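Everything on this sheet refers to the single structure shown next.
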Amino acid sequence: MAGGGFDDKRGARAHLYEYKITSYFVCSCIVAAIGGSLFGYDLGVSGGVTSMDDFLKIFFPNVYKRKQEHLQETDYCKYDNQILTLFTSSLYFAALISTFGASHVTRNKGRKASILCGAVSFFLGAVLNAAAKNIAMLIIGRCLLGFGIGFSNQAVPLYLSEMAPAKVRGAVNQLFQLSTCLGVLIANFVNYATAKIHPWGWRLSLGIATVPAVFMFVGGLFLPETPNSLVEQGKLEKAREVLEKIRGTKKVDAEFADLIDASNAARGIKDPFRNLLERKNRPQLVIGAIAIPAFQQLTGMNSILFYAPVIFQSLGFGSGAALYSSAITGGALVVASLISMAFVDKFGRRAFFLEAGGEMICVMVALAITLALKFGQGVVLPKGIGIFLVIIICIFVLAYGRSWGPLGWLVPSEIFPLETRSAGQSIVVCVNMIFTAIIAQCFLVSLCHLKYGIFLVFGGLIIIMSCFILLLLPETKQVPIEEIYLLWEKHWFWKRYCSPQENGLELKKEEKV
């Protein structure tokens, strides 16, 4: 069975769990979720800064010159510069490298330690970027920011899932996505304000990233370690004390016993990465560790967030209007996150994936047709067309923000058995960052060469991933984590890998060999 030998014991005790939503628990989760704002603020601020003339004049004069000249090229190519896109994507390459170091710290030193490391690294990167005098300083600063995001994205979702009672785990886990969206929104308003401050407004945009890092570090000092981590470290008395405090009751015997059983079973796994490759864990590896984090980026959403100011400015809105329009999309992302938190446990994960996927496909087609007919000749778009583009992009953001955005983190956190959960989370973050970096590095050059066709490519990818969800992901709403393995055993496709009979035959073959 995918969950290991302890699943039956945990399942038998799950109905004995007791909890109250305490202020201590709420405050701990809110402080930890600030880690998402680091990721979100950078997503929002980087695209705005790369559209500011003062920034381009200093670091990318050729791009600034090209931006002013519309005569011999289409509007799609004004920002096609690999060094400029490296400014954005270098952060994500650094994050995917750091996530394996973060995994070690998270597993051996605790979730709190990784959160603090992430805050310090992000703070140093923000300071270096704000003070940058050349491209080298910019790239080094971005790498430090990436290390911070690698640590926070590794630790924060895990921290929230372990702190939350089972019945509200979905909503609590999505605090990470909500914090990310708020970071994007705040960054857009910051860019809108600093774009009017010449010639150093861009420095202020980048430097304000120190604020969430400071909050995360100071708050992190007072965070409790998760009971799961304390049990793993052998601090059983402290673990029980924290568990009683966050649950608001002394009646935690059943849950505490499950923590100990789960920790003992997980400790028996010498190599969780190798264990993840076993036949019984095939669905978790394919769906949770690889497909969903990759598909999350291939929707094209982060491309819109990275370069929303650039897109709107290229569409002829002007620099100030571009940043203002991006703030509107950021607001839509926050609203979508709240909708998802409120209803995902009622309507289910598959329903949000599939319904929103249909909307996103229609938007990509409409966007491509509109740009094919009305854009690319170096002229300002009619006001009506511009408003239409903003509206359909907001529809896309609302669809993504209640589906692939939050569920891209939630579903992987639900489906891994405990013995591979740490390794699985590392691969989730790594795959996510690889595809984030690839999209960041390739989007503008693709926009230049494929023009409106790039949005048809994203539309086609969304069709593929929606079919994947329809056929291969079972519904996980209100299913206890320790019973998720039963879904694979009953699934029309995955049962060939996960049924006890199949695993028994596989084990006999290995013994003969």
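By order in the structure tokens, chains are A, B, ...; within a chain, residues start at 1; ligands start at 1, following the order shown.
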
Taking 6 positions as the minimum chain separation for residues in the same chain, which residues sit within 12 Å of Pro61 in chain A when counting only C-alpha atoms? Answer as a PDB file with all heavy atoms, in the first residue's frame.
```
ATOM      1  N   THR A  50      11.198  46.055 -15.393  1.00  0.00           N
ATOM      2  CA  THR A  50      11.771  45.916 -16.734  1.00  0.00           C
ATOM      3  C   THR A  50      11.046  46.755 -17.780  1.00  0.00           C
ATOM      4  O   THR A  50      11.489  46.820 -18.931  1.00  0.00           O
ATOM      5  CB  THR A  50      11.773  44.442 -17.178  1.00  0.00           C
ATOM      6  OG1 THR A  50      10.445  43.910 -17.073  1.00  0.00           O
ATOM      7  CG2 THR A  50      12.713  43.618 -16.327  1.00  0.00           C
ATOM      8  N   MET A  52      10.297  50.029 -16.925  1.00  0.00           N
ATOM      9  CA  MET A  52      10.608  51.403 -16.528  1.00  0.00           C
ATOM     10  C   MET A  52      11.786  51.920 -17.337  1.00  0.00           C
ATOM     11  O   MET A  52      12.852  51.304 -17.385  1.00  0.00           O
ATOM     12  CB  MET A  52      10.918  51.471 -15.036  1.00  0.00           C
ATOM     13  CG  MET A  52       9.732  51.161 -14.139  1.00  0.00           C
ATOM     14  SD  MET A  52      10.171  51.314 -12.383  1.00  0.00           S
ATOM     15  CE  MET A  52       8.646  50.759 -11.610  1.00  0.00           C
ATOM     16  N   ASP A  53      11.613  53.085 -17.951  1.00  0.00           N
ATOM     17  CA  ASP A  53      12.657  53.652 -18.804  1.00  0.00           C
ATOM     18  C   ASP A  53      13.949  53.925 -18.037  1.00  0.00           C
ATOM     19  O   ASP A  53      15.049  53.702 -18.564  1.00  0.00           O
ATOM     20  CB  ASP A  53      12.160  54.951 -19.447  1.00  0.00           C
ATOM     21  CG  ASP A  53      11.086  54.707 -20.491  1.00  0.00           C
ATOM     22  OD1 ASP A  53      10.932  53.541 -20.916  1.00  0.00           O
ATOM     23  OD2 ASP A  53      10.392  55.671 -20.870  1.00  0.00           O
ATOM     24  N   ASP A  54      13.855  54.399 -16.805  1.00  0.00           N
ATOM     25  CA  ASP A  54      15.063  54.708 -16.028  1.00  0.00           C
ATOM     26  C   ASP A  54      15.903  53.452 -15.796  1.00  0.00           C
ATOM     27  O   ASP A  54      17.137  53.500 -15.810  1.00  0.00           O
ATOM     28  CB  ASP A  54      14.686  55.329 -14.676  1.00  0.00           C
ATOM     29  CG  ASP A  54      14.043  56.704 -14.829  1.00  0.00           C
ATOM     30  OD1 ASP A  54      14.476  57.450 -15.727  1.00  0.00           O
ATOM     31  OD2 ASP A  54      13.115  57.016 -14.065  1.00  0.00           O
ATOM     32  N   PHE A  55      15.254  52.347 -15.557  1.00  0.00           N
ATOM     33  CA  PHE A  55      15.956  51.073 -15.371  1.00  0.00           C
ATOM     34  C   PHE A  55      16.603  50.620 -16.674  1.00  0.00           C
ATOM     35  O   PHE A  55      17.772  50.217 -16.696  1.00  0.00           O
ATOM     36  CB  PHE A  55      14.958  50.022 -14.864  1.00  0.00           C
ATOM     37  CG  PHE A  55      15.525  48.640 -14.726  1.00  0.00           C
ATOM     38  CD1 PHE A  55      16.259  48.279 -13.603  1.00  0.00           C
ATOM     39  CD2 PHE A  55      15.333  47.683 -15.725  1.00  0.00           C
ATOM     40  CE1 PHE A  55      16.781  46.992 -13.469  1.00  0.00           C
ATOM     41  CE2 PHE A  55      15.853  46.402 -15.605  1.00  0.00           C
ATOM     42  CZ  PHE A  55      16.580  46.065 -14.471  1.00  0.00           C
ATOM     43  N   LYS A  67      12.901  50.162 -27.873  1.00  0.00           N
ATOM     44  CA  LYS A  67      11.545  50.464 -27.410  1.00  0.00           C
ATOM     45  C   LYS A  67      11.043  51.775 -28.010  1.00  0.00           C
ATOM     46  O   LYS A  67       9.847  51.941 -28.269  1.00  0.00           O
ATOM     47  CB  LYS A  67      11.560  50.539 -25.883  1.00  0.00           C
ATOM     48  CG  LYS A  67      10.244  50.933 -25.245  1.00  0.00           C
ATOM     49  CD  LYS A  67      10.420  51.033 -23.736  1.00  0.00           C
ATOM     50  CE  LYS A  67       9.189  51.634 -23.079  1.00  0.00           C
ATOM     51  NZ  LYS A  67       9.385  51.800 -21.622  1.00  0.00           N
ATOM     52  N   GLN A  68      11.968  52.706 -28.239  1.00  0.00           N
ATOM     53  CA  GLN A  68      11.579  54.007 -28.780  1.00  0.00           C
ATOM     54  C   GLN A  68      11.401  53.994 -30.293  1.00  0.00           C
ATOM     55  O   GLN A  68      10.863  54.940 -30.871  1.00  0.00           O
ATOM     56  CB  GLN A  68      12.644  55.065 -28.411  1.00  0.00           C
ATOM     57  CG  GLN A  68      12.977  55.142 -26.922  1.00  0.00           C
ATOM     58  CD  GLN A  68      11.768  55.377 -26.051  1.00  0.00           C
ATOM     59  OE1 GLN A  68      10.949  56.239 -26.344  1.00  0.00           O
ATOM     60  NE2 GLN A  68      11.647  54.598 -24.984  1.00  0.00           N
ATOM     61  N   TYR A  79      10.999  44.042 -26.504  1.00  0.00           N
ATOM     62  CA  TYR A  79      11.676  43.639 -25.266  1.00  0.00           C
ATOM     63  C   TYR A  79      12.417  42.309 -25.403  1.00  0.00           C
ATOM     64  O   TYR A  79      12.776  41.704 -24.409  1.00  0.00           O
ATOM     65  CB  TYR A  79      10.653  43.529 -24.124  1.00  0.00           C
ATOM     66  CG  TYR A  79      10.029  44.852 -23.761  1.00  0.00           C
ATOM     67  CD1 TYR A  79       8.844  45.267 -24.370  1.00  0.00           C
ATOM     68  CD2 TYR A  79      10.610  45.671 -22.826  1.00  0.00           C
ATOM     69  CE1 TYR A  79       8.264  46.473 -24.042  1.00  0.00           C
ATOM     70  CE2 TYR A  79      10.049  46.888 -22.478  1.00  0.00           C
ATOM     71  CZ  TYR A  79       8.872  47.287 -23.095  1.00  0.00           C
ATOM     72  OH  TYR A  79       8.295  48.486 -22.769  1.00  0.00           O
ATOM     73  N   ASN A  81      15.243  40.442 -25.432  1.00  0.00           N
ATOM     74  CA  ASN A  81      16.645  40.553 -25.072  1.00  0.00           C
ATOM     75  C   ASN A  81      16.942  39.490 -24.031  1.00  0.00           C
ATOM     76  O   ASN A  81      16.351  39.493 -22.950  1.00  0.00           O
ATOM     77  CB  ASN A  81      16.951  41.957 -24.526  1.00  0.00           C
ATOM     78  CG  ASN A  81      18.417  42.123 -24.169  1.00  0.00           C
ATOM     79  OD1 ASN A  81      18.886  41.632 -23.152  1.00  0.00           O
ATOM     80  ND2 ASN A  81      19.140  42.856 -25.023  1.00  0.00           N
ATOM     81  N   ILE A  83      19.511  38.910 -22.111  1.00  0.00           N
ATOM     82  CA  ILE A  83      20.077  39.382 -20.841  1.00  0.00           C
ATOM     83  C   ILE A  83      18.968  39.982 -19.974  1.00  0.00           C
ATOM     84  O   ILE A  83      18.932  39.793 -18.749  1.00  0.00           O
ATOM     85  CB  ILE A  83      21.184  40.426 -21.078  1.00  0.00           C
ATOM     86  CG1 ILE A  83      22.296  39.824 -21.944  1.00  0.00           C
ATOM     87  CG2 ILE A  83      21.759  40.895 -19.748  1.00  0.00           C
ATOM     88  CD1 ILE A  83      22.975  38.622 -21.300  1.00  0.00           C
ATOM     89  N   LEU A  84      18.026  40.680 -20.611  1.00  0.00           N
ATOM     90  CA  LEU A  84      16.903  41.243 -19.868  1.00  0.00           C
ATOM     91  C   LEU A  84      16.058  40.142 -19.245  1.00  0.00           C
ATOM     92  O   LEU A  84      15.664  40.232 -18.075  1.00  0.00           O
ATOM     93  CB  LEU A  84      16.042  42.110 -20.802  1.00  0.00           C
ATOM     94  CG  LEU A  84      14.775  42.727 -20.191  1.00  0.00           C
ATOM     95  CD1 LEU A  84      15.128  43.656 -19.028  1.00  0.00           C
ATOM     96  CD2 LEU A  84      13.982  43.487 -21.256  1.00  0.00           C
ATOM     97  N   ILE A 135      25.064  45.061 -14.259  1.00  0.00           N
ATOM     98  CA  ILE A 135      24.258  43.864 -14.471  1.00  0.00           C
ATOM     99  C   ILE A 135      24.709  42.730 -13.548  1.00  0.00           C
ATOM    100  O   ILE A 135      23.884  41.948 -13.068  1.00  0.00           O
ATOM    101  CB  ILE A 135      24.326  43.424 -15.950  1.00  0.00           C
ATOM    102  CG1 ILE A 135      23.604  44.453 -16.834  1.00  0.00           C
ATOM    103  CG2 ILE A 135      23.701  42.046 -16.147  1.00  0.00           C
ATOM    104  CD1 ILE A 135      23.635  44.149 -18.313  1.00  0.00           C
TER     105      ILE A 135
END
```

With only C-alpha atoms as the counted atoms, please give the residues lying no more than 10 Å from Asn275 in chain A, apart from itself and same-chain residues fewer than 6 positions off, as a PDB file with N, CA and C atoms, in the first residue's frame.
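Now in around_0.pdb:
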```pdb
ATOM      1  N   ILE A 269      12.627   4.625   6.299  1.00  0.00           N
ATOM      2  CA  ILE A 269      12.988   4.780   4.893  1.00  0.00           C
ATOM      3  C   ILE A 269      14.343   5.461   4.810  1.00  0.00           C
ATOM      4  N   ASN A 281       4.351   3.978  -5.801  1.00  0.00           N
ATOM      5  CA  ASN A 281       4.299   5.439  -5.728  1.00  0.00           C
ATOM      6  C   ASN A 281       4.277   6.090  -7.103  1.00  0.00           C
ATOM      7  N   GLU A 419       6.205   8.837   4.044  1.00  0.00           N
ATOM      8  CA  GLU A 419       7.602   8.443   3.895  1.00  0.00           C
ATOM      9  C   GLU A 419       8.284   9.090   2.696  1.00  0.00           C
ATOM     10  N   THR A 420       7.516   9.614   1.738  1.00  0.00           N
ATOM     11  CA  THR A 420       8.117  10.301   0.586  1.00  0.00           C
ATOM     12  C   THR A 420       7.686  11.761   0.501  1.00  0.00           C
ATOM     13  N   ALA A 423      10.739  14.313   0.201  1.00  0.00           N
ATOM     14  CA  ALA A 423      11.366  14.178  -1.112  1.00  0.00           C
ATOM     15  C   ALA A 423      10.432  14.660  -2.213  1.00  0.00           C
TER      16      ALA A 423
END
```

For Asn129 in chain A, list every protein, DNA or RNA residue within 8 Å, evaluated using only C-alpha atoms, and leave out those in the same chain fewer than 5 positions away; present the list as a PyMOL selection string. chain A and resi 137-138+141-142+203+206-207

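When only C-alpha atoms are used to measure the gap to Val431 in chain A, the shortest distance among A:Ile287, A:Val397, A:Leu158, A:Leu472 belongs to A:Ile287.
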
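For the choices A:Ala332, A:Val218, A:Ile392, A:Val457, the atom-to-atom distance to Ile115 in chain A is smallest for A:Val218 when using only C-alpha atoms.
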
Extract, using only C-alpha atoms, all DNA, RNA and protein residues at most 10 Å from Ala239 in chain A, discarding same-chain residues fewer than 4 positions from it, and format them as a PyMOL selection string. chain A and resi 224-235+243-245+256+259

Could you give me the residues within range 216-272 of chain A that DSSP places in alpha helix (DSSP H), as a VMD selection string? chain A and resid 216 to 221 227 to 232 236 to 247 253 to 267 272

Those same residues - N, CA, C and O atoms - I'd like them written as a short mmCIF file (atom, residue, chain, number, x, y, z; two decimals), in the first residue's frame.
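Saved result, part_6.cif, follows:
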```cif
data_model
loop_
_atom_site.label_atom_id
_atom_site.label_comp_id
_atom_site.auth_asym_id
_atom_site.auth_seq_id
_atom_site.Cartn_x
_atom_site.Cartn_y
_atom_site.Cartn_z
N MET A 216 8.91 38.36 7.76
CA MET A 216 9.02 36.91 7.79
C MET A 216 10.08 36.48 8.80
O MET A 216 9.89 35.50 9.54
N PHE A 217 11.20 37.18 8.85
CA PHE A 217 12.27 36.81 9.77
C PHE A 217 11.87 37.08 11.22
O PHE A 217 12.02 36.20 12.09
N VAL A 218 11.38 38.28 11.49
CA VAL A 218 11.01 38.63 12.86
C VAL A 218 9.88 37.73 13.35
O VAL A 218 9.91 37.20 14.46
N GLY A 219 8.86 37.55 12.50
CA GLY A 219 7.77 36.66 12.88
C GLY A 219 8.23 35.23 13.03
O GLY A 219 7.79 34.50 13.93
N GLY A 220 9.18 34.82 12.16
CA GLY A 220 9.68 33.46 12.21
C GLY A 220 10.40 33.13 13.50
O GLY A 220 10.41 31.98 13.94
N LEU A 221 11.01 34.14 14.11
CA LEU A 221 11.69 33.91 15.38
C LEU A 221 10.74 33.43 16.47
O LEU A 221 11.14 32.71 17.39
N PRO A 227 4.66 20.10 15.27
CA PRO A 227 4.77 18.87 16.07
C PRO A 227 5.43 17.74 15.30
O PRO A 227 6.21 16.96 15.88
N ASN A 228 5.16 17.64 13.99
CA ASN A 228 5.75 16.58 13.17
C ASN A 228 7.27 16.67 13.20
O ASN A 228 7.97 15.67 13.37
N SER A 229 7.79 17.89 13.01
CA SER A 229 9.24 18.08 12.99
C SER A 229 9.85 17.79 14.35
O SER A 229 10.93 17.19 14.45
N LEU A 230 9.18 18.22 15.42
CA LEU A 230 9.69 17.98 16.76
C LEU A 230 9.74 16.49 17.09
O LEU A 230 10.69 16.01 17.72
N VAL A 231 8.72 15.75 16.64
CA VAL A 231 8.74 14.30 16.85
C VAL A 231 9.90 13.67 16.10
O VAL A 231 10.60 12.78 16.62
N GLU A 232 10.12 14.13 14.85
CA GLU A 232 11.23 13.59 14.07
C GLU A 232 12.58 13.85 14.74
O GLU A 232 13.51 13.07 14.61
N LEU A 236 9.80 14.73 22.07
CA LEU A 236 8.41 14.30 22.19
C LEU A 236 7.60 15.17 23.15
O LEU A 236 6.44 15.49 22.87
N GLU A 237 8.18 15.55 24.27
CA GLU A 237 7.45 16.38 25.23
C GLU A 237 7.11 17.74 24.63
O GLU A 237 5.99 18.23 24.78
N LYS A 238 8.08 18.34 23.96
CA LYS A 238 7.84 19.63 23.32
C LYS A 238 6.81 19.49 22.20
O LYS A 238 5.94 20.36 22.01
N ALA A 239 6.87 18.39 21.46
CA ALA A 239 5.93 18.16 20.37
C ALA A 239 4.50 18.09 20.90
O ALA A 239 3.58 18.69 20.33
N ARG A 240 4.31 17.36 21.99
CA ARG A 240 2.96 17.25 22.57
C ARG A 240 2.49 18.60 23.09
O ARG A 240 1.32 18.96 22.94
N GLU A 241 3.39 19.36 23.70
CA GLU A 241 3.03 20.68 24.22
C GLU A 241 2.55 21.60 23.09
O GLU A 241 1.53 22.29 23.23
N VAL A 242 3.29 21.60 21.97
CA VAL A 242 2.89 22.44 20.83
C VAL A 242 1.58 21.95 20.24
O VAL A 242 0.70 22.75 19.89
N LEU A 243 1.42 20.63 20.12
CA LEU A 243 0.20 20.07 19.56
C LEU A 243 -1.02 20.47 20.39
O LEU A 243 -2.07 20.85 19.84
N GLU A 244 -0.91 20.39 21.70
CA GLU A 244 -2.02 20.79 22.58
C GLU A 244 -2.33 22.28 22.43
O GLU A 244 -3.50 22.69 22.46
N LYS A 245 -1.28 23.08 22.23
CA LYS A 245 -1.49 24.52 22.14
C LYS A 245 -2.17 24.92 20.84
O LYS A 245 -3.07 25.77 20.82
N ILE A 246 -1.75 24.30 19.72
CA ILE A 246 -2.35 24.68 18.43
C ILE A 246 -3.72 24.05 18.23
O ILE A 246 -4.53 24.56 17.44
N ARG A 247 -4.00 22.94 18.94
CA ARG A 247 -5.32 22.31 18.82
C ARG A 247 -6.30 22.84 19.86
O ARG A 247 -7.50 22.61 19.75
N ASP A 253 -4.36 12.64 22.27
CA ASP A 253 -3.69 11.34 22.33
C ASP A 253 -3.68 10.63 20.97
O ASP A 253 -2.66 10.09 20.55
N ALA A 254 -4.83 10.62 20.29
CA ALA A 254 -4.93 9.90 19.02
C ALA A 254 -4.03 10.51 17.96
O ALA A 254 -3.28 9.81 17.27
N GLU A 255 -4.09 11.83 17.82
CA GLU A 255 -3.27 12.49 16.80
C GLU A 255 -1.78 12.37 17.13
O GLU A 255 -0.95 12.15 16.24
N PHE A 256 -1.45 12.49 18.41
CA PHE A 256 -0.04 12.38 18.81
C PHE A 256 0.49 10.97 18.55
O PHE A 256 1.63 10.79 18.09
N ALA A 257 -0.35 9.96 18.80
CA ALA A 257 0.06 8.59 18.52
C ALA A 257 0.29 8.38 17.03
O ALA A 257 1.24 7.69 16.62
N ASP A 258 -0.56 8.99 16.20
CA ASP A 258 -0.37 8.89 14.76
C ASP A 258 0.91 9.58 14.30
O ASP A 258 1.60 9.11 13.39
N LEU A 259 1.24 10.72 14.94
CA LEU A 259 2.48 11.41 14.60
C LEU A 259 3.69 10.52 14.89
O LEU A 259 4.63 10.45 14.10
N ILE A 260 3.65 9.85 16.03
CA ILE A 260 4.76 8.98 16.39
C ILE A 260 4.85 7.79 15.43
O ILE A 260 5.94 7.44 14.95
N ASP A 261 3.71 7.16 15.12
CA ASP A 261 3.70 6.04 14.18
C ASP A 261 4.21 6.47 12.81
O ASP A 261 5.01 5.77 12.18
N ALA A 262 3.72 7.61 12.36
CA ALA A 262 4.12 8.10 11.04
C ALA A 262 5.61 8.42 11.00
O ALA A 262 6.31 8.11 10.03
N SER A 263 6.11 9.03 12.08
CA SER A 263 7.52 9.36 12.14
C SER A 263 8.39 8.11 12.16
O SER A 263 9.43 8.05 11.50
N ASN A 264 7.96 7.11 12.90
CA ASN A 264 8.72 5.85 12.95
C ASN A 264 8.77 5.18 11.58
O ASN A 264 9.81 4.67 11.16
N ALA A 265 7.63 5.19 10.89
CA ALA A 265 7.59 4.58 9.56
C ALA A 265 8.46 5.35 8.57
O ALA A 265 9.18 4.76 7.76
N ALA A 266 8.39 6.68 8.65
CA ALA A 266 9.19 7.50 7.74
C ALA A 266 10.67 7.35 8.04
O ALA A 266 11.51 7.36 7.13
N ARG A 267 11.01 7.22 9.34
CA ARG A 267 12.41 7.07 9.72
C ARG A 267 13.00 5.76 9.20
O ARG A 267 14.20 5.63 9.01
N PRO A 272 14.33 8.38 0.78
CA PRO A 272 12.97 8.70 0.33
C PRO A 272 12.87 8.99 -1.16
O PRO A 272 11.85 8.72 -1.77
#
```

Could you name the residues that touch Ala113 in chain A at 10 Å or less, counting only C-alpha atoms, but leaving out those on the same chain fewer than 2 positions away, as an MDAnalysis selection string? chainID A and resid 102 105:111 115:118 151 155 220:221 225

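The residue set within 7 Å of Glu359 in chain A, counting only C-alpha atoms and dropping same-chain residues fewer than 3 places from it, reads Glu355, Ala356, Cys362, Val363, Phe396 and Ala399 of chain A.
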
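In this model, the gap between CA of Ala195 in chain A and CA of Lys57 in chain A comes to 13.8 Å.
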
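Proximity to Ile393 in chain A at 10 Å, evaluated using only C-alpha atoms and with sequence-adjacent residues fewer than 2 positions away removed, yields Met301, Ile304, Ala308, Ser326, Ile328, Thr329, Ala332, Met360, Val363, Met364, Ala366, Leu367, Ile387, Phe388, Leu389, Val390, Ile391, Ile395, Phe396, Val397, Leu398 and Ala399 of chain A.
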
What is the CA of Leu473 in chain A-CA of Gly170 in chain A distance in Å, reported with one decimal? 16.8 Å

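Remark: for Phe416 in chain A, the closest of the candidate residues A:Ile439, A:Ala95, A:Ile484, A:Ile34 is A:Ile484 (distances computed over only C-alpha atoms).
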
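Distances to Leu354 in chain A were evaluated for A:Val429, A:Ala289, A:Cys467, A:Leu450 using only C-alpha atoms, and the minimum falls at A:Cys467.
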
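The space between CA of Leu128 in chain A and CA of Ile438 in chain A spans 24.2 Å.
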
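Residue nearest Tyr24 in chain A within the list A:Ile186, A:Met163, A:Ile464, A:Val479: A:Met163 [criterion: smallest interatomic distance, only C-alpha atoms].
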